[in-house]
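File shown: data.cif. Contents: mmCIF, C-alpha atoms.
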data_start
loop_
_atom_site.label_atom_id
_atom_site.label_comp_id
_atom_site.auth_asym_id
_atom_site.auth_seq_id
_atom_site.Cartn_x
_atom_site.Cartn_y
_atom_site.Cartn_z
CA MET A 270 -4.29 0.71 21.06
CA ILE A 271 -1.74 -1.94 20.11
CA ALA A 272 -2.88 -4.56 17.61
CA LEU A 273 -1.45 -7.29 15.43
CA ALA A 274 -3.39 -7.82 12.20
CA ASP A 275 -3.21 -11.10 10.33
CA ARG A 276 -4.94 -9.66 7.27
CA PRO A 277 -4.77 -6.39 5.33
CA PHE A 278 -6.04 -3.32 7.16
CA ASP A 279 -6.99 0.18 6.00
CA PRO A 280 -4.60 2.80 7.44
CA GLY A 281 -6.90 5.63 6.30
CA ALA A 282 -9.86 4.22 8.20
CA GLU A 283 -7.69 3.80 11.32
CA LEU A 284 -6.47 7.40 11.02
CA ASN A 285 -10.03 8.70 10.66
CA ARG A 286 -11.15 6.75 13.71
CA PHE A 287 -8.13 7.97 15.70
CA CYS A 288 -8.91 11.62 14.86
CA GLN A 289 -12.53 11.45 16.07
CA GLY A 290 -13.49 13.53 19.10
CA ARG A 291 -10.15 15.22 19.60
CA ALA A 292 -11.15 18.76 20.37
CA ALA A 293 -8.25 18.97 22.87
CA THR A 294 -5.61 17.54 20.50
CA GLY A 295 -3.57 19.94 18.40
CA ALA A 296 -1.67 17.39 16.33
CA VAL A 297 -1.91 13.84 15.04
CA ALA A 298 1.11 12.39 13.22
CA SER A 299 1.00 9.15 11.25
CA PHE A 300 3.49 6.77 9.70
CA VAL A 301 2.57 3.95 7.32
CA GLY A 302 5.17 1.36 6.30
CA ILE A 303 4.34 -0.37 3.01
CA ALA A 304 5.67 -3.66 1.65
CA ARG A 305 7.92 -2.91 -1.29
CA GLY A 306 7.72 -5.46 -4.10
CA GLU A 307 11.00 -5.93 -5.90
CA ALA A 308 11.63 -7.80 -9.14
CA GLY A 309 8.08 -8.97 -9.48
CA GLN A 310 7.76 -10.45 -5.99
CA ASP A 311 4.05 -10.26 -5.22
CA ALA A 312 4.32 -11.38 -1.57
CA PRO A 313 7.71 -10.03 -0.53
CA LEU A 314 7.42 -10.27 3.25
CA GLU A 315 6.48 -12.61 6.07
CA LEU A 316 6.20 -11.34 9.64
CA GLN A 317 6.22 -13.51 12.75
CA ALA A 318 5.13 -12.37 16.20
CA TYR A 319 4.97 -13.97 19.65
CA PRO A 320 1.27 -13.43 20.35
CA GLY A 321 0.69 -11.79 23.71
CA PHE A 322 4.37 -11.06 24.34
CA THR A 323 4.77 -8.93 21.20
CA GLU A 324 1.78 -6.70 22.02
CA ALA A 325 2.89 -6.41 25.67
CA GLU A 326 6.44 -5.34 24.70
CA ILE A 327 5.19 -2.82 22.13
CA GLY A 328 2.77 -1.55 24.78
CA LYS A 329 5.70 -0.89 27.15
CA ILE A 330 7.48 1.30 24.61
CA ALA A 331 4.23 3.07 23.73
CA ARG A 332 3.85 3.97 27.43
CA GLU A 333 7.46 5.16 27.51
CA ALA A 334 6.85 7.33 24.42
CA THR A 335 3.67 8.68 26.00
CA GLY A 336 5.65 9.96 28.99
CA ARG A 337 8.64 11.18 27.03
CA PHE A 338 6.66 13.15 24.43
CA ALA A 339 3.60 14.08 26.52
CA LEU A 340 1.32 12.17 24.16
CA GLN A 341 -2.42 12.13 24.57
CA ASP A 342 -2.81 8.86 22.69
CA VAL A 343 -0.94 6.25 20.62
CA ALA A 344 -2.13 3.58 18.22
CA ILE A 345 0.07 0.94 16.58
CA VAL A 346 -1.17 -1.68 14.14
CA HIS A 347 1.36 -4.24 12.85
CA ARG A 348 0.72 -6.87 10.23
CA VAL A 349 1.79 -10.47 10.75
CA GLY A 350 1.83 -13.36 8.29
CA ARG A 351 2.49 -13.13 4.56
CA ILE A 352 2.24 -9.59 3.19
CA ALA A 353 1.66 -8.62 -0.44
CA ALA A 354 3.48 -5.80 -2.22
CA GLY A 355 1.68 -2.52 -1.66
CA GLU A 356 0.00 -3.59 1.57
CA ALA A 357 0.55 -1.67 4.80
CA ILE A 358 2.95 -3.44 7.19
CA VAL A 359 2.75 -1.02 10.08
CA LEU A 360 0.75 2.03 11.14
CA VAL A 361 1.85 4.35 13.95
CA LEU A 362 -0.46 7.16 15.11
CA THR A 363 0.42 9.70 17.79
CA ALA A 364 -1.72 12.47 19.25
CA ALA A 365 -0.27 15.43 21.15
CA ALA A 366 -1.07 19.05 21.90
CA HIS A 367 1.59 20.24 19.44
CA ARG A 368 3.10 18.88 16.22
CA ARG A 369 6.75 18.52 17.30
CA GLU A 370 5.91 15.97 20.00
CA ALA A 371 3.58 14.06 17.67
CA PHE A 372 6.21 13.88 14.89
CA GLU A 373 9.07 12.93 17.19
CA ALA A 374 7.09 10.26 19.00
CA CYS A 375 6.15 8.69 15.66
CA ASP A 376 9.83 8.64 14.62
CA TYR A 377 10.86 7.23 18.01
CA LEU A 378 8.29 4.44 17.89
CA MET A 379 9.30 3.42 14.37
CA ASP A 380 12.99 3.28 15.34
CA TYR A 381 12.00 0.99 18.20
CA LEU A 382 9.79 -1.22 16.03
CA LYS A 383 12.62 -1.64 13.50
CA THR A 384 15.15 -2.85 16.05
CA ARG A 385 13.64 -4.08 19.32
CA ALA A 386 10.01 -5.10 18.93
CA PRO A 387 9.53 -8.88 19.12
CA LEU A 388 8.83 -9.32 15.42
CA TRP A 389 10.74 -11.38 12.85
CA LYS A 390 10.71 -10.48 9.19
CA LYS A 391 11.55 -12.70 6.24
CA GLU A 392 12.14 -11.12 2.84
CA TYR A 393 11.43 -13.05 -0.33
CA GLY A 394 13.52 -11.81 -3.26
CA PRO A 395 14.77 -13.07 -6.61
CA ALA A 396 17.73 -14.73 -4.84
CA GLY A 397 15.54 -16.56 -2.33
CA ALA A 398 14.36 -15.82 1.21
CA ARG A 399 16.35 -14.26 4.04
CA TRP A 400 15.66 -13.20 7.62
CA VAL A 401 16.06 -9.46 8.07
CA GLU A 402 18.09 -8.12 10.99
CA PRO A 403 18.45 -4.48 11.97
CA THR A 404 20.91 -2.67 9.70
CA ALA A 405 23.70 -0.38 10.92
CA ARG A 406 21.47 2.50 9.86
CA ASP A 407 18.54 1.16 11.93
CA LEU A 408 20.81 0.83 14.99
CA ALA A 409 22.22 4.32 14.49
CA ASP A 410 18.66 5.65 14.19
CA VAL A 411 17.52 4.08 17.44
CA GLY A 412 20.75 5.24 19.12
CA ARG A 413 19.72 8.86 18.52
CA TRP A 414 17.25 8.59 21.37
CA GLY A 415 19.80 7.70 24.06
CA ALA A 416 19.79 4.77 26.45
CA ALA A 417 16.29 5.34 27.80
CA GLN A 418 14.63 3.18 25.21
CA GLY A 419 13.32 -0.08 26.59
CA ASP A 420 15.85 -2.62 27.73
CA ASP A 421 19.50 -2.83 26.79
CA PRO A 422 20.32 -3.90 23.28
CA PRO A 423 20.90 -7.67 23.00
CA MET B 133 6.66 -30.08 31.47
CA ALA B 134 8.28 -27.15 29.66
CA LYS B 135 6.97 -25.66 26.44
CA VAL B 136 9.60 -24.33 24.03
CA LEU B 137 8.80 -21.82 21.28
CA LEU B 138 11.19 -20.84 18.49
CA PHE B 139 10.95 -17.78 16.25
CA GLY B 140 12.45 -16.46 13.02
CA ARG B 141 15.52 -18.21 11.70
CA LEU B 142 15.65 -20.54 14.73
CA ARG B 143 12.37 -22.06 13.56
CA ASP B 144 13.81 -22.68 10.10
CA VAL B 145 17.04 -24.19 11.44
CA ALA B 146 15.26 -26.48 13.91
CA GLY B 147 12.44 -27.47 11.58
CA TRP B 148 9.88 -27.01 14.36
CA ARG B 149 8.18 -24.13 16.12
CA GLU B 150 6.92 -25.60 19.38
CA ARG B 151 7.92 -28.59 21.48
CA LEU B 152 7.08 -29.98 24.91
CA TYR B 153 9.79 -31.37 27.20
CA GLU B 154 8.60 -33.74 29.90
CA PRO B 155 9.63 -33.44 32.68
CA ALA B 156 10.78 -29.80 32.67
CA PRO B 157 14.57 -29.58 33.03
CA PRO B 158 15.60 -27.76 36.22
CA THR B 159 17.28 -24.82 34.47
CA LEU B 160 17.31 -22.90 31.21
CA ALA B 161 20.84 -24.15 30.51
CA ALA B 162 19.74 -27.77 31.00
CA LEU B 163 16.80 -27.21 28.67
CA LYS B 164 19.10 -25.72 26.03
CA ALA B 165 21.42 -28.72 26.26
CA LEU B 166 18.45 -31.00 25.71
CA ILE B 167 17.22 -29.02 22.71
CA VAL B 168 20.56 -28.98 20.92
CA ALA B 169 21.58 -32.57 21.65
CA ASP B 170 22.89 -33.98 18.34
CA ARG B 171 22.02 -30.70 16.61
CA LEU B 172 25.24 -28.72 16.05
CA ASP B 173 23.49 -26.42 13.57
CA LEU B 174 20.80 -25.53 16.12
CA ALA B 175 23.38 -25.11 18.89
CA ALA B 176 25.25 -22.56 16.76
CA ALA B 177 22.01 -20.74 15.88
CA LEU B 178 20.96 -20.55 19.54
CA GLU B 179 24.34 -19.10 20.52
CA ALA B 180 24.36 -16.55 17.68
CA PRO B 181 24.70 -12.87 18.63
CA GLY B 182 21.40 -11.22 19.43
CA VAL B 183 19.51 -14.38 20.46
CA GLN B 184 17.43 -13.73 23.58
CA ALA B 185 15.37 -16.02 25.78
CA ALA B 186 12.11 -15.32 27.56
CA VAL B 187 10.76 -17.48 30.37
CA ASN B 188 7.04 -17.11 30.99
CA ARG B 189 7.15 -14.05 28.72
CA VAL B 190 9.87 -12.25 30.68
CA LEU B 191 13.27 -11.69 29.06
CA VAL B 192 16.07 -13.40 30.97
CA ARG B 193 19.82 -13.07 30.80
CA GLY B 194 22.10 -15.95 31.61
CA ASP B 195 20.68 -19.01 33.32
CA CYS B 196 17.60 -19.34 35.51
CA ALA B 197 15.52 -22.03 37.21
CA LEU B 198 12.51 -23.43 35.36
CA GLY B 199 9.29 -24.34 37.12
CA ASP B 200 6.87 -26.97 35.92
CA GLY B 201 4.74 -25.58 33.09
CA ALA B 202 7.34 -22.98 32.07
CA GLU B 203 6.99 -21.43 28.62
CA VAL B 204 10.43 -20.75 27.15
CA ALA B 205 10.90 -18.73 23.97
CA PHE B 206 14.15 -18.39 22.01
CA MET B 207 14.16 -15.26 19.89
CA PRO B 208 16.76 -14.16 17.33
CA ALA B 209 17.49 -10.50 16.53
CA MET B 210 14.21 -8.66 16.20
CA SER B 211 13.11 -6.49 13.32
CA GLY B 212 9.65 -5.22 12.56
CA GLY B 213 8.32 -2.20 10.70
#

Represent the structure of the file as structure tokens.
Amino acid sequence: MIALADRPFDPGAELNRFCQGRAATGAVASFVGIARGEAGQDAPLELQAYPGFTEAEIGKIAREATGRFALQDVAIVHRVGRIAAGEAIVLVLTAAAHRREAFEACDYLMDYLKTRAPLWKKEYGPAGARWVEPTARDLADVGRWGAAQGDDPP
Amino acid sequence: MAKVLLFGRLRDVAGWRERLYEPAPPTLAALKALIVADRLDLAAALEAPGVQAAVNRVLVRGDCALGDGAEVAFMPAMSGG
């Protein structure tokens, strides 16, 4: 399941739902990204998506991760719009027979989302607003997985 | 007719998010030239490293032909999560 959410969502409820009826699943891994409020910013982030295209592109990488890590299931929920400090920005859930695959797939999907998913993030700080681009660290992280990930870097 | 969508910083630089061009220019390059006419700031932003274009929701590299009704998106470096 790939979804964009334009209002706050409950990662715990999503995790519970994802874990239902999984007698054949040995491991579910989860990652929740949370908006960090700095210097009293109560709505520190704004996320833009390209509706339709964004979900389709994230779906492609989810299918790639499913093959690469032998996943049984994947769910990704990503917030769009203005996000308040403390709210979940992104939730990644992976289900596999064993923990290593579930953990690694979660890590892989987050590295992709940080650098290549069609999403644009504006940070509001004390010095004003700025568009966030992948950092050297983000690019090094995604590079760990080799060239197989999605299309070539821009 | 061609529909143009801008995202991220391109939207801020241009001051718009969606525009229709009638009739559709024959190519992506011709469309770009039309968009940036008299807009040096937008021309620079569109040529910035990492900017990608999608035509009818498919990423394209270089130039390509545009059909009538094409949806063209210009997308700066992406970052979610």

(request) Tell me which of B:Leu166, B:Ala146, B:Leu178, B:Leu137 sits closest to chain A, counting only C-alpha atoms. (result)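 Comparing B:Leu166, B:Ala146, B:Leu178, B:Leu137 against chain A, the winner is B:Leu137.
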
(request) Check which residues satisfy the PyMOL selection byres ((chain A) within 8 of (chain B)) in the file shown, then give them as a list in words. (result) Gly302, Leu316, Gln317, Ala318, Tyr319, Phe322, His347, Ile358, Val359, Met379, Leu382, Lys383, Thr384, Arg385, Ala386, Pro387, Leu388, Trp389, Lys390, Lys391, Trp400, Val401, Glu402, Pro403 and Pro423 of chain A

(message) Given all atoms listed in the file as the basis, pick out the residue of B:Gly147, B:Ala175, B:Lys164, B:Leu142 nearest to B:Val204.
(response) B:Lys164

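Take atom CA of A:Pro320 and atom CA of A:Gly397: the distance between them is 27.0 Å.
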
(message) Residues near A:Met270, anyone? I mean within 9 Å using only C-alpha atoms, not counting same-chain ones fewer than 3 positions away, as a ChimeraX atom specification.
(response) /A:328,342-346

Output as a short mmCIF file (atom, residue, chain, number, x, y, z; two decimals), keeping the file's coordinate frame: stretch 168-193 of chain B, completed with N, CA and C atoms.
data_model
loop_
_atom_site.label_atom_id
_atom_site.label_comp_id
_atom_site.auth_asym_id
_atom_site.auth_seq_id
_atom_site.Cartn_x
_atom_site.Cartn_y
_atom_site.Cartn_z
N VAL B 168 19.53 -28.95 21.95
CA VAL B 168 20.56 -28.98 20.92
C VAL B 168 21.30 -30.32 20.86
N ALA B 169 20.90 -31.27 21.69
CA ALA B 169 21.58 -32.57 21.65
C ALA B 169 21.57 -33.09 20.22
N ASP B 170 22.73 -33.46 19.71
CA ASP B 170 22.89 -33.98 18.34
C ASP B 170 22.51 -32.96 17.26
N ARG B 171 22.38 -31.69 17.63
CA ARG B 171 22.02 -30.70 16.61
C ARG B 171 23.03 -29.55 16.65
N LEU B 172 24.20 -29.75 16.03
CA LEU B 172 25.24 -28.72 16.05
C LEU B 172 24.77 -27.44 15.37
N ASP B 173 23.97 -27.60 14.29
CA ASP B 173 23.49 -26.42 13.57
C ASP B 173 22.59 -25.57 14.47
N LEU B 174 21.72 -26.26 15.23
CA LEU B 174 20.80 -25.53 16.12
C LEU B 174 21.56 -24.93 17.30
N ALA B 175 22.56 -25.64 17.79
CA ALA B 175 23.38 -25.11 18.89
C ALA B 175 24.03 -23.80 18.47
N ALA B 176 24.59 -23.78 17.26
CA ALA B 176 25.25 -22.56 16.76
C ALA B 176 24.23 -21.44 16.60
N ALA B 177 23.04 -21.77 16.09
CA ALA B 177 22.01 -20.74 15.88
C ALA B 177 21.53 -20.16 17.21
N LEU B 178 21.42 -21.03 18.23
CA LEU B 178 20.96 -20.55 19.54
C LEU B 178 22.00 -19.67 20.23
N GLU B 179 23.28 -19.90 19.90
CA GLU B 179 24.34 -19.10 20.52
C GLU B 179 24.70 -17.87 19.69
N ALA B 180 24.02 -17.67 18.56
CA ALA B 180 24.36 -16.55 17.68
C ALA B 180 24.12 -15.22 18.39
N PRO B 181 24.88 -14.17 18.00
CA PRO B 181 24.70 -12.87 18.63
C PRO B 181 23.25 -12.39 18.47
N GLY B 182 22.73 -11.80 19.53
CA GLY B 182 21.40 -11.22 19.43
C GLY B 182 20.28 -12.16 19.83
N VAL B 183 20.58 -13.45 20.06
CA VAL B 183 19.51 -14.38 20.46
C VAL B 183 19.17 -14.14 21.94
N GLN B 184 17.89 -13.97 22.22
CA GLN B 184 17.43 -13.73 23.58
C GLN B 184 16.44 -14.83 23.98
N ALA B 185 16.34 -15.03 25.29
CA ALA B 185 15.37 -16.02 25.78
C ALA B 185 14.37 -15.31 26.69
N ALA B 186 13.13 -15.79 26.63
CA ALA B 186 12.11 -15.32 27.56
C ALA B 186 11.53 -16.53 28.28
N VAL B 187 11.38 -16.42 29.60
CA VAL B 187 10.76 -17.48 30.37
C VAL B 187 9.45 -16.92 30.93
N ASN B 188 8.37 -17.60 30.62
CA ASN B 188 7.04 -17.11 30.99
C ASN B 188 6.87 -15.65 30.58
N ARG B 189 7.33 -15.36 29.37
CA ARG B 189 7.15 -14.05 28.72
C ARG B 189 7.91 -12.91 29.40
N VAL B 190 8.98 -13.26 30.10
CA VAL B 190 9.87 -12.25 30.68
C VAL B 190 11.26 -12.53 30.14
N LEU B 191 11.91 -11.50 29.60
CA LEU B 191 13.27 -11.69 29.06
C LEU B 191 14.21 -12.05 30.19
N VAL B 192 15.09 -13.03 29.96
CA VAL B 192 16.07 -13.40 30.97
C VAL B 192 17.46 -13.36 30.36
N ARG B 193 18.42 -13.04 31.21
CA ARG B 193 19.82 -13.07 30.80
C ARG B 193 20.51 -14.16 31.59
#
